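J.: Here it is, the structure in full.
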Amino acid sequence: MRVQEIPIEGITYDQLKIDRIPMTEEYIERDPTLVRVANRAVVINPCRTCMPLGAMFATMGVHRGIPFVQGAQGCTTYVRYTFCRIFKEPNMIANASFHEDAAVFGGRKNFIEGIRNLVVRYRPDVIGVVTTCSSEIIGDDMVSFIKMARKRLVEELGEEISSQTKIVLINTPSFAGSHVAGYDRAARAFIETLAAEKTAPNNKVNIIPGMLNPGDIREIKHLLEAMGTESIMMFDIAGVFDAPLRPPQSIPCYPKGGTPADEIKDMANSLGTVVLCPHEGGLGAQYLERKFGVKAILGPLPLGVHNTDIFLKNISELTGIPVPEQLLDERGLLLDFMADTFHHTMMKKVAVFGDPDIVVGVTRFVCELGMEPVAVLSGTPSKIFTKEIEDIAREYQCNPEIFNGGDLFEFEEHLKKIRVNMIIGNSKGVDIANELEVPLVRVGLMVWDRVGYQKRPVVGYRGGEFLLAEIVNALLDYSYPDDRTQQL
Amino acid sequence: MSASLELLPNRRGHVVLNKKDAAEKPECGRSTLPGVISQRACAFYGARWMLAAIPDVVHLVHGPVGCAYYGRTVRRTNYRIFSSNLAERDIVFGAGDKLYNSIREAVRQFSGTRAVIVYATCVVGITGEDLSAICNRASTDLGLPVVPVNCPGFCGTSQAAGHDIAVNVLLEHFIGKGDKKEPPLDNTVNILGEFDVQGDLGEIEALLGQLGINIICTFSGRASTTAMANSHRAKLNIVHCRRTGQALAEAMHDRFHIPFLKVSFFGLEETTAALRAVGEFFGSDKTEKVIAQDVKKARREIEPFLPGLAGRRVALFFGASRMGSMAKAFQELGMEVIMAGSQFGCRQDYREAGDKVKEGVLLMDDAHDRELEELLTKYRPDLLVGGTKEKYMAHKLGVPFLVFPQEMSPFAGFNGFVNLAREVSGIMGAPVWRLAQSRREVSKLKVAVASGNGLTIDQHFGRAEQFMIFELTPNSVSLLEIRRPAGKESVSYQDSGGRDGVRQRIDLLADCRAVLCTRAGECARKQAGNTGLTVLEKEGPLSEALKWCSSVL
């Protein structure tokens, strides 16, 4: 809350009746009882966002899939703007355009007309209907709305055209959870709606990647390809949020990527489902297991040596294919890199924040590098986060402060009290890193202030190399003058 | 007359071709059709945009945490944001106490704060929380203003509703709260509707500074509570953005008798006119000297860019009221405006834009993604100007894009105009657009030859009756087909419609990497170059020319 002086030449402050406040943030005493988020009602600088974002993200990962947001225009615009900032790609998200009338009379009219307009204009393969706070509080009966919309489509466009568009309902009232839960619910909704009964085994492995970046998805595909395993990647955002520039394009301009609806239909025939982020996709995998007996394996996120080992072991057990030489070499490359750089990373204190699964993965990796995690924060409250971090802490004999469902204000206040060498997290941590004068290594979904980060992986052995390079280079940039880095 | 875009029936009235005399302007101010992909946002967004930059207050979003998460970044800067973090039980049992506690705690943690602004969201709008009552209670208990902003996302037709709500909040709680008896300050102004996105305010301030005029408060690019409290002491209000400034100016005129001027600082002419108007108001004798000197400097600096900009076609899509002034600025650069549109402009905005662009130019209200895609493919502008959300769609279609509000440097004032020329040149001239042309992507080389007899190159590009299309591979040359332009009559840039003829010929050769001809007009060469088609002038036998061609390309 820095008070800016009003720069008016020739006018004294007395004339303007301004009393100068010499107070900058550093001098304000915080009330210690109100620092922890658990002790207060107000959330300051939240580190999680709303459910609809996760559901929209998931729907974008389906081939020719368009999210339809049953809410006010801002619910769409903010998310579109966020995706644009992160991925620098176009994104098509439709909206029911709620106004006062919809708030009073409900969103039926808007929904039916909206679905009709969307199909007429875009002919999508899949529409993911994403509900919002407003439609959920009003109590829109979405199941029957979808039936009515379907009837209207058949009347107007005929059975053939309207049957080409599948409609999936995802209930995401924002007040009931975060974007992580939105993705989770979307995974279950898509499988519930689209997956067909078991027919013949397809010898594939289902992968639900969670909210990873295009580079990560490509790295997972690389690992599977090296294992000789075919897979169904639901929600494959790699070709959507990182699409080539190849004009001329036909319009509407759909990206080539995304999981085809037919593959989701086939998921019940797979050998098993591997969920990379247990909080993001766990519901879908558990549904497949319960309903069709497809084995569900929840996590861990293959980030770092140990976790990637487990991922490959799981795939190997599901398919019966041993881990090939090529991947053992990749593992060796990462280990070699770690051996060459650990003198920079050993005993460095690090703070990690972001979505629960990626924070757990990164925490284990930094422990593998010999760093000491001193504070870890998951923006989304989680039942298993604390235990997972405690397990890692026990294994590596460190004692991090755990913030489960915290906000960035308490994180910042805590970091001011202890000394850290580095923060690992998303772009929301820039202010904290500047304030503490330590480097911020970007990891996670909400990274918009670095170019090309989304194209490179942090998962897998090769992702580990990339992340390790980022960490070491950040430390070098902050700790060494250039003339001292000529011989490392 | 209607545009040759494919439109939903309800949308036809929103897209019109400009006619000078006719009153026909796009329909506007309506709610967006459901199910289309509009660029508009919600009232909450609008209110945040207006108020977010007030530095010395606590911004508390009363709603689920998501609205606050997005609302934290407004105008490319992070502001500390507070949320009452509504959960399921709060919605069922009410969240009045939670809001009250949130306000208390926020103020306790940030004791330097001058006021609390509480934003309503859809959730609060629907559950019907009595925001004002809670804010009043908190205000009495804490002894500082706690201001409710009733801006649930669903109210109004776009973010414009939020702007209006925010204006009322400013008037009621912040403006003129200083000492009313203090006399007006000489040579001072307020600027209304200027958000200082990328240093624009600095440019404007420097210009006014040359006339000896100081800015007390800028709504809301630089508006601290103290500046707003004293803003009633200005001699003049300058309205920069009509959408967000006009209502405020009128209200301040009624309440404090401050006269106002609607001006624009975009483009040489508009900036000149603005300075003259302000200078005249204050009786400044320096105005003409400042203008003469700055205009001369700006003209000298934009000179190198002008040849590259001449005749290039630009489509404009803004928030609301910048259409007219920016259209004029682009025309001053020698560019041709082919479309002017806005997300939520009003009749007056479209009328102003219509006056400043030629007849037949598209005017579009609340353009949707799909309509913009069609505009880009059918009208093929050389540049689209708009917001970040449209940027990457344009890129995918191979159309250069300028983000407005600007990404790199200020566009206001005389220096800003030079920046505009430089940036537009850079954006359109970036080599990536040439490299992205489909003709460069193919591994086999297609070349067109302007030849009437099939043996030698014997025809001028603009007058050729036919083009022979050859495919060149490292060890073979094969004739694929012969293409004939539609009109045989000679075309040149000077003829009326000549440019379209050239364009049509370039389109005919859309898949070719180069064209061989005896001669080609300068305009044709330039236009072809812009689309990635290389024009090679050569005479003589075909076989030799093609061999030479494969060695140079």
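Lettering and numbering for the structure tokens are positional, with chains as A, B, ... in the shown order, residues counted from 1 in each chain, and ligands counted from 1 in the shown order.
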Once you count only C-alpha atoms, what closest atom pair and distance in Å to one decimal does each residue of chain A within 6 Å of chain B have, with rows by chain and rising residue number, as JSON lines?
T.:
{"residue": "A:Met1", "atom": "CA", "partner": "B:Asp56", "partner_atom": "CA", "distance": 5.3}
{"residue": "A:Val3", "atom": "CA", "partner": "B:Asp56", "partner_atom": "CA", "distance": 5.9}
{"residue": "A:Arg30", "atom": "CA", "partner": "B:Gln109", "partner_atom": "CA", "distance": 5.4}
{"residue": "A:Ala41", "atom": "CA", "partner": "B:Ser102", "partner_atom": "CA", "distance": 5.2}
{"residue": "A:Val42", "atom": "CA", "partner": "B:Ser102", "partner_atom": "CA", "distance": 4.4}
{"residue": "A:Val43", "atom": "CA", "partner": "B:Ser83", "partner_atom": "CA", "distance": 5.0}
{"residue": "A:Ile44", "atom": "CA", "partner": "B:Phe82", "partner_atom": "CA", "distance": 4.5}
{"residue": "A:Asn45", "atom": "CA", "partner": "B:Ile81", "partner_atom": "CA", "distance": 5.3}
{"residue": "A:Thr49", "atom": "CA", "partner": "B:Gly66", "partner_atom": "CA", "distance": 4.2}
{"residue": "A:Cys50", "atom": "CA", "partner": "B:Gly66", "partner_atom": "CA", "distance": 4.3}
{"residue": "A:Ala72", "atom": "CA", "partner": "B:Phe154", "partner_atom": "CA", "distance": 5.2}
{"residue": "A:Gln73", "atom": "CA", "partner": "B:Ala41", "partner_atom": "CA", "distance": 5.0}
{"residue": "A:Gly74", "atom": "CA", "partner": "B:Cys42", "partner_atom": "CA", "distance": 4.3}
{"residue": "A:Thr77", "atom": "CA", "partner": "B:Ala41", "partner_atom": "CA", "distance": 5.5}
{"residue": "A:Tyr81", "atom": "CA", "partner": "B:Lys389", "partner_atom": "CA", "distance": 5.9}
{"residue": "A:Glu89", "atom": "CA", "partner": "B:Tyr392", "partner_atom": "CA", "distance": 5.1}
{"residue": "A:Pro90", "atom": "CA", "partner": "B:Tyr392", "partner_atom": "CA", "distance": 4.8}
{"residue": "A:Ala94", "atom": "CA", "partner": "B:Ile37", "partner_atom": "CA", "distance": 4.8}
{"residue": "A:Asn95", "atom": "CA", "partner": "B:Gly35", "partner_atom": "CA", "distance": 5.3}
{"residue": "A:Ala96", "atom": "CA", "partner": "B:Pro34", "partner_atom": "CA", "distance": 4.4}
{"residue": "A:Ser97", "atom": "CA", "partner": "B:Pro34", "partner_atom": "CA", "distance": 5.1}
{"residue": "A:Phe98", "atom": "CA", "partner": "B:Phe154", "partner_atom": "CA", "distance": 5.6}
{"residue": "A:His99", "atom": "CA", "partner": "B:Phe154", "partner_atom": "CA", "distance": 4.3}
{"residue": "A:Glu100", "atom": "CA", "partner": "B:Cys155", "partner_atom": "CA", "distance": 5.5}
{"residue": "A:Asn110", "atom": "CA", "partner": "B:Pro34", "partner_atom": "CA", "distance": 5.7}
{"residue": "A:Gly114", "atom": "CA", "partner": "B:Gly35", "partner_atom": "CA", "distance": 3.6}
{"residue": "A:Ile115", "atom": "CA", "partner": "B:Gly35", "partner_atom": "CA", "distance": 5.8}
{"residue": "A:Asn117", "atom": "CA", "partner": "B:Gly35", "partner_atom": "CA", "distance": 5.4}
{"residue": "A:Leu118", "atom": "CA", "partner": "B:Gly35", "partner_atom": "CA", "distance": 4.9}
{"residue": "A:Ser134", "atom": "CA", "partner": "B:Val123", "partner_atom": "CA", "distance": 6.0}
{"residue": "A:Phe175", "atom": "CA", "partner": "B:Ala87", "partner_atom": "CA", "distance": 4.7}
{"residue": "A:Ala176", "atom": "CA", "partner": "B:Glu88", "partner_atom": "CA", "distance": 5.7}
{"residue": "A:Leu245", "atom": "CA", "partner": "B:Lys396", "partner_atom": "CA", "distance": 5.2}
{"residue": "A:Pro247", "atom": "CA", "partner": "B:Leu397", "partner_atom": "CA", "distance": 5.3}
{"residue": "A:Gln249", "atom": "CA", "partner": "B:Leu397", "partner_atom": "CA", "distance": 6.0}
J.: What parts of region 374-489 of chain B does DSSP call strand (DSSP E or B)? I'd like the answer as a PyMOL selection string.
T.: chain B and resi 383-386+401-403+445-450+456-457+467-473+476-483
J.: Taking N, CA and C atoms for each residue, export the selection above as a CSV table (one decimal), in the first residue's frame.
T.:
chain,number,residue,atom,x,y,z
B,383,LEU,N,-3.4,-5.8,-41.1
B,383,LEU,CA,-3.1,-5.7,-39.7
B,383,LEU,C,-4.5,-5.7,-39.0
B,384,LEU,N,-4.6,-6.4,-37.9
B,384,LEU,CA,-5.8,-6.3,-37.0
B,384,LEU,C,-5.3,-5.7,-35.7
B,385,VAL,N,-6.1,-4.8,-35.2
B,385,VAL,CA,-5.8,-4.1,-34.0
B,385,VAL,C,-6.9,-4.5,-33.0
B,386,GLY,N,-6.5,-5.0,-31.8
B,386,GLY,CA,-7.6,-5.5,-30.8
B,386,GLY,C,-6.9,-5.9,-29.5
B,401,PHE,N,-0.8,-8.6,-35.9
B,401,PHE,CA,-1.8,-8.1,-34.9
B,401,PHE,C,-1.1,-7.1,-33.9
B,402,LEU,N,-1.8,-6.0,-33.7
B,402,LEU,CA,-1.3,-5.0,-32.7
B,402,LEU,C,-2.3,-5.0,-31.5
B,403,VAL,N,-1.7,-5.2,-30.4
B,403,VAL,CA,-2.5,-5.3,-29.2
B,403,VAL,C,-2.8,-3.8,-28.7
B,445,LEU,N,9.1,-26.8,-55.5
B,445,LEU,CA,9.1,-25.4,-55.9
B,445,LEU,C,8.1,-25.2,-57.1
B,446,LYS,N,7.1,-24.4,-56.8
B,446,LYS,CA,6.2,-24.1,-57.9
B,446,LYS,C,6.5,-22.7,-58.4
B,447,VAL,N,6.6,-22.5,-59.7
B,447,VAL,CA,7.0,-21.2,-60.3
B,447,VAL,C,6.0,-20.9,-61.4
B,448,ALA,N,5.5,-19.7,-61.5
B,448,ALA,CA,4.6,-19.2,-62.6
B,448,ALA,C,5.5,-18.5,-63.6
B,449,VAL,N,5.1,-18.6,-64.8
B,449,VAL,CA,5.8,-17.9,-65.9
B,449,VAL,C,4.8,-17.2,-66.8
B,450,ALA,N,5.0,-15.9,-66.9
B,450,ALA,CA,4.1,-15.1,-67.8
B,450,ALA,C,4.6,-15.3,-69.2
B,456,THR,N,9.2,-18.5,-74.6
B,456,THR,CA,10.0,-17.5,-74.0
B,456,THR,C,9.1,-16.7,-73.0
B,457,ILE,N,9.8,-16.0,-72.1
B,457,ILE,CA,9.1,-15.1,-71.2
B,457,ILE,C,8.8,-13.9,-72.0
B,467,PHE,N,-0.6,-17.6,-67.2
B,467,PHE,CA,0.6,-17.9,-66.4
B,467,PHE,C,0.8,-19.5,-66.6
B,468,MET,N,2.0,-19.9,-67.0
B,468,MET,CA,2.2,-21.3,-67.0
B,468,MET,C,2.8,-21.7,-65.6
B,469,ILE,N,2.3,-22.7,-65.0
B,469,ILE,CA,2.8,-23.1,-63.7
B,469,ILE,C,3.7,-24.3,-63.8
B,470,PHE,N,4.9,-24.2,-63.4
B,470,PHE,CA,5.9,-25.3,-63.5
B,470,PHE,C,6.2,-25.7,-62.1
B,471,GLU,N,6.6,-27.0,-62.0
B,471,GLU,CA,7.1,-27.5,-60.7
B,471,GLU,C,8.5,-27.9,-60.9
B,472,LEU,N,9.4,-27.4,-60.0
B,472,LEU,CA,10.8,-27.7,-60.2
B,472,LEU,C,11.2,-28.6,-59.0
B,473,THR,N,11.9,-29.7,-59.4
B,473,THR,CA,12.5,-30.5,-58.4
B,473,THR,C,14.0,-30.5,-58.7
B,476,SER,N,14.2,-32.4,-62.2
B,476,SER,CA,13.2,-32.3,-63.2
B,476,SER,C,12.4,-31.0,-63.2
B,477,VAL,N,11.9,-30.7,-64.4
B,477,VAL,CA,11.0,-29.5,-64.5
B,477,VAL,C,9.7,-30.0,-65.2
B,478,SER,N,8.6,-29.8,-64.6
B,478,SER,CA,7.4,-30.3,-65.3
B,478,SER,C,6.3,-29.2,-65.3
B,479,LEU,N,5.6,-29.1,-66.4
B,479,LEU,CA,4.5,-28.2,-66.5
B,479,LEU,C,3.3,-28.8,-65.9
B,480,LEU,N,2.7,-28.0,-64.9
B,480,LEU,CA,1.5,-28.5,-64.2
B,480,LEU,C,0.2,-28.1,-64.9
B,481,GLU,N,0.1,-26.8,-65.2
B,481,GLU,CA,-1.1,-26.3,-65.7
B,481,GLU,C,-0.9,-24.9,-66.2
B,482,ILE,N,-2.0,-24.3,-66.9
B,482,ILE,CA,-1.9,-23.0,-67.3
B,482,ILE,C,-3.1,-22.2,-66.7
B,483,ARG,N,-2.8,-21.1,-66.1
B,483,ARG,CA,-3.9,-20.4,-65.4
B,483,ARG,C,-4.1,-19.0,-66.1
J.: Name all residues at most 12 Å from Phe265 (chain B) (count only C-alpha atoms; drop same-chain ones fewer than 3 positions away) and give them as a ChimeraX atom specification.
T.: /B:191,193-194,200-205,207-208,238-241,262,268-278,322,324-326,328-329,410-417
J.: Which of these, A:Thr319, A:Thr76, A:Asn314, A:Thr345, has the shortest distance to Thr229 (chain A) once you count only C-alpha atoms?
T.: A:Thr319
J.: Any idea what the distance is between CA of Asn18 (chain B) and CA of Asp382 (chain B)?
T.: 20.2 Å
J.: Using backbone DSSP assignments, extract all alpha helix (DSSP H) residues from region 407-468 of chain A; output them as number ranges by chain.
T.: A: 408-417, 430-436, 460-468
J.: Near region 11-15 of chain B, within 12 Å and counting only C-alpha atoms, which residues show up once chain neighbours fewer than 4 positions away are dropped, as JSON, numbers by chain?
T.: {"A": [117], "B": [1, 2, 3, 4, 5, 6, 7, 24, 25, 26, 27, 28, 29, 30, 31, 32, 33, 34, 36, 339, 340, 341, 342, 343, 344, 345, 346, 347, 350, 360, 361, 362, 363, 364, 365, 366, 367, 368, 371, 372, 375]}
J.: Could the residues in this selection be saved with C-alpha atoms as a PDB file, in the first residue's frame?
T.:
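Written output follows (result-v9.pdb):
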ATOM      1  CA  ASN A 117     -25.991 -21.023 -31.938  1.00  0.00           C
TER       2      ASN A 117
ATOM      3  CA  MET B   1     -26.276  -2.679 -48.053  1.00  0.00           C
ATOM      4  CA  SER B   2     -24.946  -5.557 -46.038  1.00  0.00           C
ATOM      5  CA  ALA B   3     -21.528  -6.982 -45.488  1.00  0.00           C
ATOM      6  CA  SER B   4     -20.447 -10.177 -47.176  1.00  0.00           C
ATOM      7  CA  LEU B   5     -19.935 -11.955 -43.902  1.00  0.00           C
ATOM      8  CA  GLU B   6     -21.896 -14.952 -42.780  1.00  0.00           C
ATOM      9  CA  LEU B   7     -23.994 -13.810 -39.836  1.00  0.00           C
ATOM     10  CA  GLU B  24     -27.736   3.750 -40.258  1.00  0.00           C
ATOM     11  CA  LYS B  25     -25.181   2.691 -37.716  1.00  0.00           C
ATOM     12  CA  PRO B  26     -24.731  -0.674 -36.057  1.00  0.00           C
ATOM     13  CA  GLU B  27     -27.167  -1.724 -33.402  1.00  0.00           C
ATOM     14  CA  CYS B  28     -25.425  -1.514 -30.082  1.00  0.00           C
ATOM     15  CA  GLY B  29     -25.881  -1.785 -26.344  1.00  0.00           C
ATOM     16  CA  ARG B  30     -27.722  -5.100 -26.619  1.00  0.00           C
ATOM     17  CA  SER B  31     -26.923  -8.245 -24.680  1.00  0.00           C
ATOM     18  CA  THR B  32     -24.669 -10.692 -26.442  1.00  0.00           C
ATOM     19  CA  LEU B  33     -26.285 -13.710 -28.063  1.00  0.00           C
ATOM     20  CA  PRO B  34     -25.757 -16.835 -25.982  1.00  0.00           C
ATOM     21  CA  VAL B  36     -21.308 -17.220 -29.536  1.00  0.00           C
ATOM     22  CA  MET B 339     -13.184  -2.126 -40.426  1.00  0.00           C
ATOM     23  CA  ALA B 340     -13.919  -0.306 -37.202  1.00  0.00           C
ATOM     24  CA  GLY B 341     -15.592  -2.211 -34.430  1.00  0.00           C
ATOM     25  CA  SER B 342     -15.931  -2.308 -30.691  1.00  0.00           C
ATOM     26  CA  GLN B 343     -17.018  -4.576 -27.892  1.00  0.00           C
ATOM     27  CA  PHE B 344     -19.519  -2.222 -26.303  1.00  0.00           C
ATOM     28  CA  GLY B 345     -19.442   1.124 -28.106  1.00  0.00           C
ATOM     29  CA  CYS B 346     -22.508   3.388 -28.030  1.00  0.00           C
ATOM     30  CA  ARG B 347     -24.303   5.134 -30.913  1.00  0.00           C
ATOM     31  CA  TYR B 350     -20.134   4.607 -34.008  1.00  0.00           C
ATOM     32  CA  GLY B 360     -18.265   1.274 -47.319  1.00  0.00           C
ATOM     33  CA  VAL B 361     -16.050   0.566 -44.340  1.00  0.00           C
ATOM     34  CA  LEU B 362     -17.398  -2.175 -42.077  1.00  0.00           C
ATOM     35  CA  LEU B 363     -18.733  -1.058 -38.717  1.00  0.00           C
ATOM     36  CA  MET B 364     -19.124  -3.956 -36.308  1.00  0.00           C
ATOM     37  CA  ASP B 365     -20.624  -4.065 -32.845  1.00  0.00           C
ATOM     38  CA  ASP B 366     -19.647  -6.819 -30.380  1.00  0.00           C
ATOM     39  CA  ALA B 367     -17.813  -8.833 -33.050  1.00  0.00           C
ATOM     40  CA  HIS B 368     -17.584 -12.529 -32.278  1.00  0.00           C
ATOM     41  CA  GLU B 371     -17.053 -13.145 -37.434  1.00  0.00           C
ATOM     42  CA  LEU B 372     -13.526 -11.877 -36.924  1.00  0.00           C
ATOM     43  CA  LEU B 375     -13.270 -10.873 -41.665  1.00  0.00           C
TER      44      LEU B 375
END
J.: May I ask which of the residues A:Ile418, A:Ala102, A:Ala55, A:Val126 is the closest one to Gly281 (chain A), counting only C-alpha atoms?
T.: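 Closest to Gly281 (chain A) of all the choices is A:Ala55.
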